[in-house]
Every structure is written in structure tokens, then in C-alpha cells.
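Listing of entry02.tsv; format and content: TSV, C-alpha atoms.
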chain	number	residue	atom	x	y	z
A	1	MET	CA	21.79	-28.44	13.02
A	2	LEU	CA	23.80	-31.58	12.09
A	3	LYS	CA	25.05	-31.96	15.64
A	4	SER	CA	21.52	-31.58	17.00
A	5	THR	CA	20.18	-34.15	14.53
A	6	CYS	CA	22.91	-36.64	15.41
A	7	ARG	CA	22.20	-36.17	19.10
A	8	THR	CA	18.50	-36.74	18.48
A	9	LEU	CA	19.18	-39.87	16.44
A	10	GLY	CA	21.32	-41.13	19.29
A	11	LEU	CA	18.47	-40.58	21.71
A	12	ALA	CA	16.05	-42.30	19.37
A	13	PHE	CA	18.39	-45.30	19.02
A	14	THR	CA	18.81	-45.53	22.81
A	15	ALA	CA	15.05	-45.40	23.22
A	16	LEU	CA	14.57	-48.19	20.70
A	17	VAL	CA	17.07	-50.33	22.57
A	18	ALA	CA	15.19	-49.68	25.80
A	19	ILE	CA	11.79	-50.73	24.42
A	20	THR	CA	12.87	-54.05	22.89
A	21	THR	CA	10.39	-56.58	24.22
A	22	VAL	CA	11.40	-58.69	27.18
A	23	SER	CA	10.11	-61.87	25.58
A	24	GLN	CA	12.28	-61.37	22.51
A	25	ALA	CA	15.32	-60.72	24.67
A	26	GLN	CA	14.70	-63.82	26.77
A	27	GLU	CA	14.21	-66.07	23.76
A	28	THR	CA	17.05	-64.96	21.49
A	29	VAL	CA	19.35	-62.46	23.22
A	30	GLU	CA	21.66	-62.66	26.17
A	31	THR	CA	23.91	-59.60	25.79
A	32	ARG	CA	23.51	-55.90	25.04
A	33	SER	CA	25.56	-56.20	21.87
A	34	ASP	CA	23.12	-58.79	20.54
A	35	VAL	CA	20.22	-56.43	21.26
A	36	GLU	CA	21.97	-53.57	19.51
A	37	LYS	CA	22.72	-55.75	16.49
A	38	ILE	CA	19.07	-56.71	16.17
A	39	ILE	CA	17.95	-53.09	16.56
A	40	ARG	CA	20.50	-51.90	13.99
A	41	GLU	CA	19.45	-54.47	11.43
A	42	TYR	CA	15.80	-53.63	12.02
A	43	LEU	CA	16.42	-49.90	11.56
A	44	ILE	CA	18.34	-50.47	8.35
A	45	GLU	CA	15.44	-52.47	7.02
A	46	ASN	CA	12.87	-49.94	8.31
A	47	PRO	CA	14.54	-46.48	8.25
A	48	GLU	CA	11.18	-44.70	8.26
A	49	ILE	CA	10.99	-45.47	11.98
A	50	ILE	CA	13.71	-42.89	12.60
A	51	THR	CA	11.60	-40.20	10.90
A	52	GLU	CA	8.59	-41.22	12.95
A	53	ALA	CA	10.60	-41.08	16.17
A	54	LEU	CA	12.04	-37.66	15.34
A	55	THR	CA	8.59	-36.33	14.44
A	56	GLU	CA	7.15	-37.56	17.72
A	57	LEU	CA	10.09	-36.12	19.65
A	58	GLU	CA	9.55	-32.72	18.03
A	59	LYS	CA	5.81	-32.85	18.79
A	60	ARG	CA	6.57	-33.51	22.44
A	61	ARG	CA	9.14	-30.71	22.55
A	62	VAL	CA	6.67	-28.20	21.08
A	63	ALA	CA	3.91	-29.36	23.45
A	64	ALA	CA	6.20	-28.99	26.46
A	65	GLU	CA	7.27	-25.52	25.29
A	66	GLN	CA	3.65	-24.42	24.82
A	67	GLU	CA	2.71	-25.71	28.25
A	68	ALA	CA	5.62	-23.81	29.82
A	69	LYS	CA	4.47	-20.62	28.09
A	70	LYS	CA	0.92	-21.11	29.36
A	71	GLU	CA	2.23	-21.47	32.89
A	72	ALA	CA	4.28	-18.29	32.44
A	73	VAL	CA	1.23	-16.40	31.16
A	74	ALA	CA	-0.76	-17.54	34.19
A	75	SER	CA	1.94	-16.44	36.63
A	76	LEU	CA	2.34	-13.04	34.90
A	77	SER	CA	-1.30	-12.44	33.98
A	78	ASP	CA	-1.70	-9.27	36.04
A	79	ILE	CA	1.14	-7.32	34.42
A	80	ILE	CA	0.47	-8.83	30.99
A	81	PHE	CA	-3.19	-7.81	30.88
A	82	ASN	CA	-3.64	-5.08	33.49
A	83	SER	CA	-0.41	-3.12	33.89
A	84	GLU	CA	-0.46	0.65	34.22
A	85	ASN	CA	2.46	0.72	31.80
A	86	GLN	CA	0.57	-0.23	28.65
A	87	VAL	CA	-1.87	1.00	26.04
A	88	VAL	CA	-5.45	-0.26	25.80
A	89	LEU	CA	-7.40	0.01	22.52
A	90	GLY	CA	-10.74	-1.38	21.46
A	91	ASN	CA	-13.25	-2.16	24.21
A	92	PRO	CA	-11.62	-1.64	27.65
A	93	GLU	CA	-14.23	-4.00	29.11
A	94	GLY	CA	-13.93	-6.59	26.34
A	95	ASP	CA	-14.32	-10.28	27.14
A	96	VAL	CA	-11.08	-11.24	25.35
A	97	THR	CA	-7.75	-9.44	25.39
A	98	LEU	CA	-5.22	-9.55	22.57
A	99	VAL	CA	-1.78	-8.40	23.70
A	100	GLU	CA	0.71	-7.37	21.02
A	101	PHE	CA	4.45	-6.86	21.52
A	102	PHE	CA	5.72	-4.65	18.70
A	103	ASP	CA	8.60	-2.55	17.39
A	104	TYR	CA	8.05	0.60	15.31
A	105	ASN	CA	10.72	-0.48	12.83
A	106	CYS	CA	9.41	-4.00	12.39
A	107	GLY	CA	8.13	-4.51	8.84
A	108	TYR	CA	5.95	-7.40	9.97
A	109	CYS	CA	4.42	-5.19	12.68
A	110	LYS	CA	3.59	-2.58	10.05
A	111	ARG	CA	1.71	-5.16	7.99
A	112	ALA	CA	0.07	-6.68	11.08
A	113	MET	CA	-1.36	-3.34	12.19
A	114	SER	CA	-4.15	-3.55	9.61
A	115	ASP	CA	-5.10	-6.94	11.06
A	116	MET	CA	-5.36	-5.44	14.54
A	117	LEU	CA	-7.43	-2.45	13.38
A	118	ARG	CA	-9.76	-4.72	11.40
A	119	LEU	CA	-10.28	-6.97	14.41
A	120	ILE	CA	-11.09	-3.98	16.62
A	121	GLU	CA	-13.56	-2.65	14.06
A	122	GLU	CA	-15.33	-5.97	13.61
A	123	ASP	CA	-15.28	-7.22	17.21
A	124	SER	CA	-16.95	-4.88	19.71
A	125	ASN	CA	-15.93	-7.14	22.60
A	126	LEU	CA	-12.22	-7.22	21.81
A	127	ARG	CA	-9.76	-5.52	24.12
A	128	VAL	CA	-6.29	-4.86	22.67
A	129	VAL	CA	-3.20	-4.20	24.77
A	130	LEU	CA	-0.05	-2.83	23.13
A	131	LYS	CA	3.39	-3.45	24.63
A	132	GLU	CA	6.34	-1.38	23.43
A	133	PHE	CA	9.05	-3.96	22.69
A	134	PRO	CA	11.87	-2.16	20.81
A	135	VAL	CA	14.28	-4.92	19.78
A	136	LEU	CA	15.60	-3.51	16.50
A	137	GLY	CA	18.21	-1.07	17.73
A	138	GLN	CA	18.61	2.38	19.22
A	139	PRO	CA	16.25	4.23	16.83
A	140	SER	CA	13.46	1.84	17.83
A	141	MET	CA	14.26	2.38	21.48
A	142	GLU	CA	14.14	6.16	21.10
A	143	ALA	CA	10.86	6.03	19.16
A	144	ALA	CA	9.34	3.85	21.87
A	145	GLN	CA	10.44	6.33	24.53
A	146	VAL	CA	8.43	9.07	22.83
A	147	ALA	CA	5.48	6.70	22.40
A	148	ILE	CA	5.44	5.86	26.10
A	149	ALA	CA	5.52	9.57	26.92
A	150	VAL	CA	2.62	10.20	24.51
A	151	ASN	CA	0.55	7.59	26.30
A	152	ASP	CA	1.52	9.14	29.62
A	153	VAL	CA	0.63	12.78	28.86
A	154	ALA	CA	-1.99	12.47	26.08
A	155	PRO	CA	-3.42	8.93	26.03
A	156	GLU	CA	-6.40	10.05	23.95
A	157	LYS	CA	-3.96	10.85	21.10
A	158	TYR	CA	-1.90	7.67	21.34
A	159	GLU	CA	-3.82	5.68	18.72
A	160	ASP	CA	-3.38	8.41	16.10
A	161	PHE	CA	0.29	8.74	17.04
A	162	HIS	CA	0.81	4.97	16.91
A	163	THR	CA	-0.85	4.60	13.53
A	164	SER	CA	1.08	7.50	12.01
A	165	LEU	CA	4.46	6.32	13.28
A	166	LEU	CA	3.96	2.68	12.38
A	167	THR	CA	2.78	3.44	8.84
A	168	GLN	CA	5.37	6.05	7.90
A	169	GLN	CA	7.80	5.15	5.11
A	170	SER	CA	10.97	6.35	6.81
A	171	ARG	CA	12.71	4.58	9.67
A	172	ALA	CA	11.20	5.39	13.05
A	173	SER	CA	13.45	7.24	15.50
A	174	GLY	CA	13.19	9.59	18.42
A	175	ASP	CA	13.13	12.57	16.05
A	176	THR	CA	10.43	11.22	13.72
A	177	ALA	CA	8.32	10.13	16.71
A	178	MET	CA	8.64	13.56	18.30
A	179	GLN	CA	7.63	15.30	15.06
A	180	ILE	CA	4.47	13.22	14.80
A	181	ALA	CA	3.63	13.93	18.44
A	182	LEU	CA	4.06	17.67	17.88
A	183	THR	CA	1.80	17.63	14.81
A	184	LEU	CA	-0.89	16.12	17.04
A	185	GLY	CA	-0.62	19.14	19.32
A	186	ILE	CA	1.21	17.45	22.20
A	187	SER	CA	3.56	19.66	24.19
A	188	GLU	CA	7.24	18.90	23.66
A	189	THR	CA	7.93	20.08	27.20
A	190	ASP	CA	5.37	17.67	28.61
A	191	LEU	CA	6.82	14.82	26.58
A	192	THR	CA	10.37	15.60	27.67
A	193	ASN	CA	9.33	15.80	31.31
A	194	SER	CA	7.55	12.47	31.01
A	195	MET	CA	10.58	10.78	29.43
A	196	GLU	CA	12.70	12.03	32.31
A	197	SER	CA	10.23	10.97	35.00
A	198	GLY	CA	11.02	7.27	35.14
A	199	VAL	CA	7.89	6.01	33.39
A	200	VAL	CA	9.89	5.02	30.30
A	201	GLN	CA	12.40	2.96	32.25
A	202	ALA	CA	9.65	1.31	34.29
A	203	THR	CA	7.77	0.36	31.12
A	204	PHE	CA	10.82	-1.07	29.38
A	205	GLN	CA	11.87	-3.03	32.45
A	206	GLU	CA	8.41	-4.54	32.80
A	207	VAL	CA	7.94	-5.42	29.11
A	208	PHE	CA	11.38	-6.97	28.68
A	209	GLU	CA	10.91	-9.02	31.84
A	210	ILE	CA	7.60	-10.35	30.51
A	211	ALA	CA	9.19	-11.09	27.14
A	212	ASN	CA	12.08	-12.91	28.78
A	213	GLN	CA	9.80	-15.15	30.81
A	214	LEU	CA	7.59	-15.88	27.81
A	215	GLY	CA	10.58	-16.61	25.59
A	216	LEU	CA	9.88	-13.75	23.18
A	217	SER	CA	12.72	-12.39	21.08
A	218	GLY	CA	11.02	-10.89	18.02
A	219	THR	CA	8.02	-8.90	16.89
A	220	PRO	CA	5.17	-9.06	16.49
A	221	SER	CA	4.36	-11.50	19.27
A	222	TYR	CA	0.97	-11.95	20.88
A	223	VAL	CA	-0.73	-13.26	23.98
A	224	ILE	CA	-4.35	-14.26	23.44
A	225	GLY	CA	-6.07	-15.86	26.39
A	226	ASP	CA	-3.45	-18.21	27.82
A	227	GLU	CA	-1.69	-18.77	24.49
A	228	VAL	CA	1.51	-17.18	23.20
A	229	VAL	CA	1.51	-16.64	19.43
A	230	ILE	CA	4.76	-15.82	17.66
A	231	GLY	CA	5.00	-13.87	14.42
A	232	ALA	CA	2.73	-12.04	12.00
A	233	VAL	CA	0.28	-14.92	11.69
A	234	GLY	CA	-2.38	-12.87	9.91
A	235	TYR	CA	-5.97	-11.81	10.43
A	236	GLU	CA	-7.62	-15.23	10.08
A	237	THR	CA	-5.34	-16.92	12.61
A	238	LEU	CA	-5.71	-14.09	15.12
A	239	LYS	CA	-9.48	-14.20	14.72
A	240	GLU	CA	-9.44	-17.96	15.28
A	241	LYS	CA	-7.30	-17.62	18.41
A	242	ILE	CA	-9.68	-14.97	19.79
A	243	ALA	CA	-12.62	-17.30	19.19
A	244	ASP	CA	-10.76	-20.13	20.92
A	245	ALA	CA	-10.12	-17.89	23.94
A	246	ARG	CA	-13.88	-17.27	24.22
A	247	ASP	CA	-14.73	-20.98	24.30
Could you render the structure as C-alpha cells?
Amino acid sequence: MLKSTCRTLGLAFTALVAITTVSQAQETVETRSDVEKIIREYLIENPEIITEALTELEKRRVAAEQEAKKEAVASLSDIIFNSENQVVLGNPEGDVTLVEFFDYNCGYCKRAMSDMLRLIEEDSNLRVVLKEFPVLGQPSMEAAQVAIAVNDVAPEKYEDFHTSLLTQQSRASGDTAMQIALTLGISETDLTNSMESGVVQATFQEVFEIANQLGLSGTPSYVIGDEVVIGAVGYETLKEKIADARD
């Protein structure tokens, strides 16, 4: 952090040197060292300028990052919103799609699930896409494998499966996911065959490629319209982003 701050201060100082007015330089300065002396003295007298410069630099960095994410969403829109390797809840023909990348062992995802269910209940035109994004270790990966198989062989039971697994108290794993699937009456043989068919690998490959291009590393993460939203931002923020996407 210190190294990054020093580098940024150096950039800010260089920029200030560059924008010294020509008239001032012509009237009172003939060498670079004279310019730097004037700039240094001015900064010492007005140190708040450094804070202003750093704030503006950060604003520009964030804006550039957001624009890059929007461009990535546009280039990947088909597999983000319409892939065969995903789950669709809510209104399949909804006018706005909320895409959530989640992990069954993510505590923030567990809390965010109630936000998603509330939004679906209140908004009849909301389409929700779920992307299995197991980033919290092997148990999460194994649980996601079962989840993908559930969606493959019994998609009508996926929402109940998803809710049960995400709200359970114990850590999600392949075993706990399989037990929930069996209690819902899904054939273990069918699930095993699905997991061995290649659909799991195809789904993981697709989701992790999307996440990589969008710069996602944690859960939950969302795509709403052309905007990438990071973290469990809560019901009100999600609702606001959905409204913005409709405008």
C-alpha cells in the first residue's frame, strides 16, 4: 500500500510539473529545477492539493474499470444471459435479468439469498440467472457438481434443492448436496450419470471464463443489465440497479 501511494504521489507531482502555466514559466523560470522548486513550495503550502489529485486519480481508475467491465459484459452477453449451462428462476421472459455468481459455502451468499427471493416475489418481470461459481475449496466444488447435475436431470426441483443447500447450517459438500437431492426424490444413478457426462466440466469452464473476463474473484457477484456489481450489496441496492437497467 505504501509503495502504491508513493508511486501515485510521484505521478501526481509529475502531473503538477507538467501543468505549470507557460506564462509563469516564461516570466520567472528558465530551468526545470526552478519549476520543481516552485511546485514543491506550493505543495508544502497547499498539501490538500495532493489529496484532491489522489481522489481524482482514484475516480478515473474506478470509471475506467467499470467501463472495461461493461465492454466485457457486452462481448459475453450471450453466455452470461442465455447459456444452456445455467439456472433460470423468476420470470423466464422477464424484461430485466439479474445474474448471480455464488458459492454454497459463502456466508454472504446465504444472507443474499433472501434478497433474491424477495425480489423475485415482488417483481413479476424479473428474470434471475444463477451461475455456480465454487471458489471456496473442494467441498464447494463437489457441492456445485451435484447442483449442476440436479439442474440437468430434474430442473423443476433445482430451486428447492438450491434453497435447502444454501440455508443448511453445516458446510456444503458433495455428500450433503447428494443427500438433499435424494430427499427430493431425484435418482442417485441419474445424478451420477449426469456428473460423468461432461455437463459439469462444461459449466465450470464457461462460468470461470466469464468470471475471469469480468474480473470476478469472490461471491456473491452480480451482472444486472450492463453493470457488474461486486459483493452482497443488499436488497435496496439490487432493486435500484434493476430499476436503472429498465430505464
Checklist entry - At what distance in Å, to one decimal, does CA of Arg60 (chain A) lie from CA of Glu36 (chain A)? => result 25.5 Å
Next on the checklist: What does the structure give for the distance between CA of Ser197 (chain A) and CA of Ala149 (chain A), in Å to one decimal?
Outcome noted: 9.5 Å
Checklist outcome for this item: Across A:Asp123, A:Glu48, A:Glu142, A:Glu100, the smallest distance to Val200 (chain A), with only C-alpha atoms counted, is shown by A:Glu142
Item to check | Contact residues around Ala144 (chain A) with only C-alpha atoms at 8 Å, ignoring same-chain residues under 2 positions, as a PyMOL selection string | outcome: chain A and resi 103-104+132-134+140-142+146-148+174
Checklist outcome for this item: CA of Val223 (chain A) to CA of Val99 (chain A) measures 5.0 Å
Wanna dump the region 84-188 of chain A-region 233-247 of chain A contacts at 7 Å for me, each residue with its shortest atom pair and the distance in Å to one decimal, counting only C-alpha atoms, ordered by chain and number, as JSON lines?
{"residue": "A:Val96", "atom": "CA", "partner": "A:Arg246", "partner_atom": "CA", "distance": 6.7}
{"residue": "A:Ala112", "atom": "CA", "partner": "A:Gly234", "partner_atom": "CA", "distance": 6.8}
{"residue": "A:Asp115", "atom": "CA", "partner": "A:Tyr235", "partner_atom": "CA", "distance": 5.0}
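Of the listed residues A:Val88, A:Leu54, A:Val35, A:Leu136, the one whose atoms come nearest to Ala172 (chain A) is A:Leu136, with distances taken using only C-alpha atoms.
Excluding region 68-80 of chain A itself and any same-chain residue fewer than 4 positions from it, the protein and nucleic acid residues within 9 Å of it, counting all atoms listed in the file, are Ala63, Ala64, Glu84, Asn85, Gln86, Val99, Val129, Lys131, Glu206, Val207, Ile210, Gln213, Leu214, Gly215, Val223, Gly225, Asp226, Glu227 and Val228 of chain A.
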Checklist entry - Which one is closest to Leu166 (chain A): A:Phe204, A:Val153, A:Pro220, A:Asn105? Count all atoms listed in the file. => result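 Closest candidate: A:Asn105.
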Next on the checklist: I want to know what sits within 10 Å of Leu126 (chain A), based on all atoms listed in the file, with residues of the same chain fewer than 3 positions away left out; could you give that as a PyMOL selection string?
Outcome noted: chain A and resi 89-98+119-123+129+242
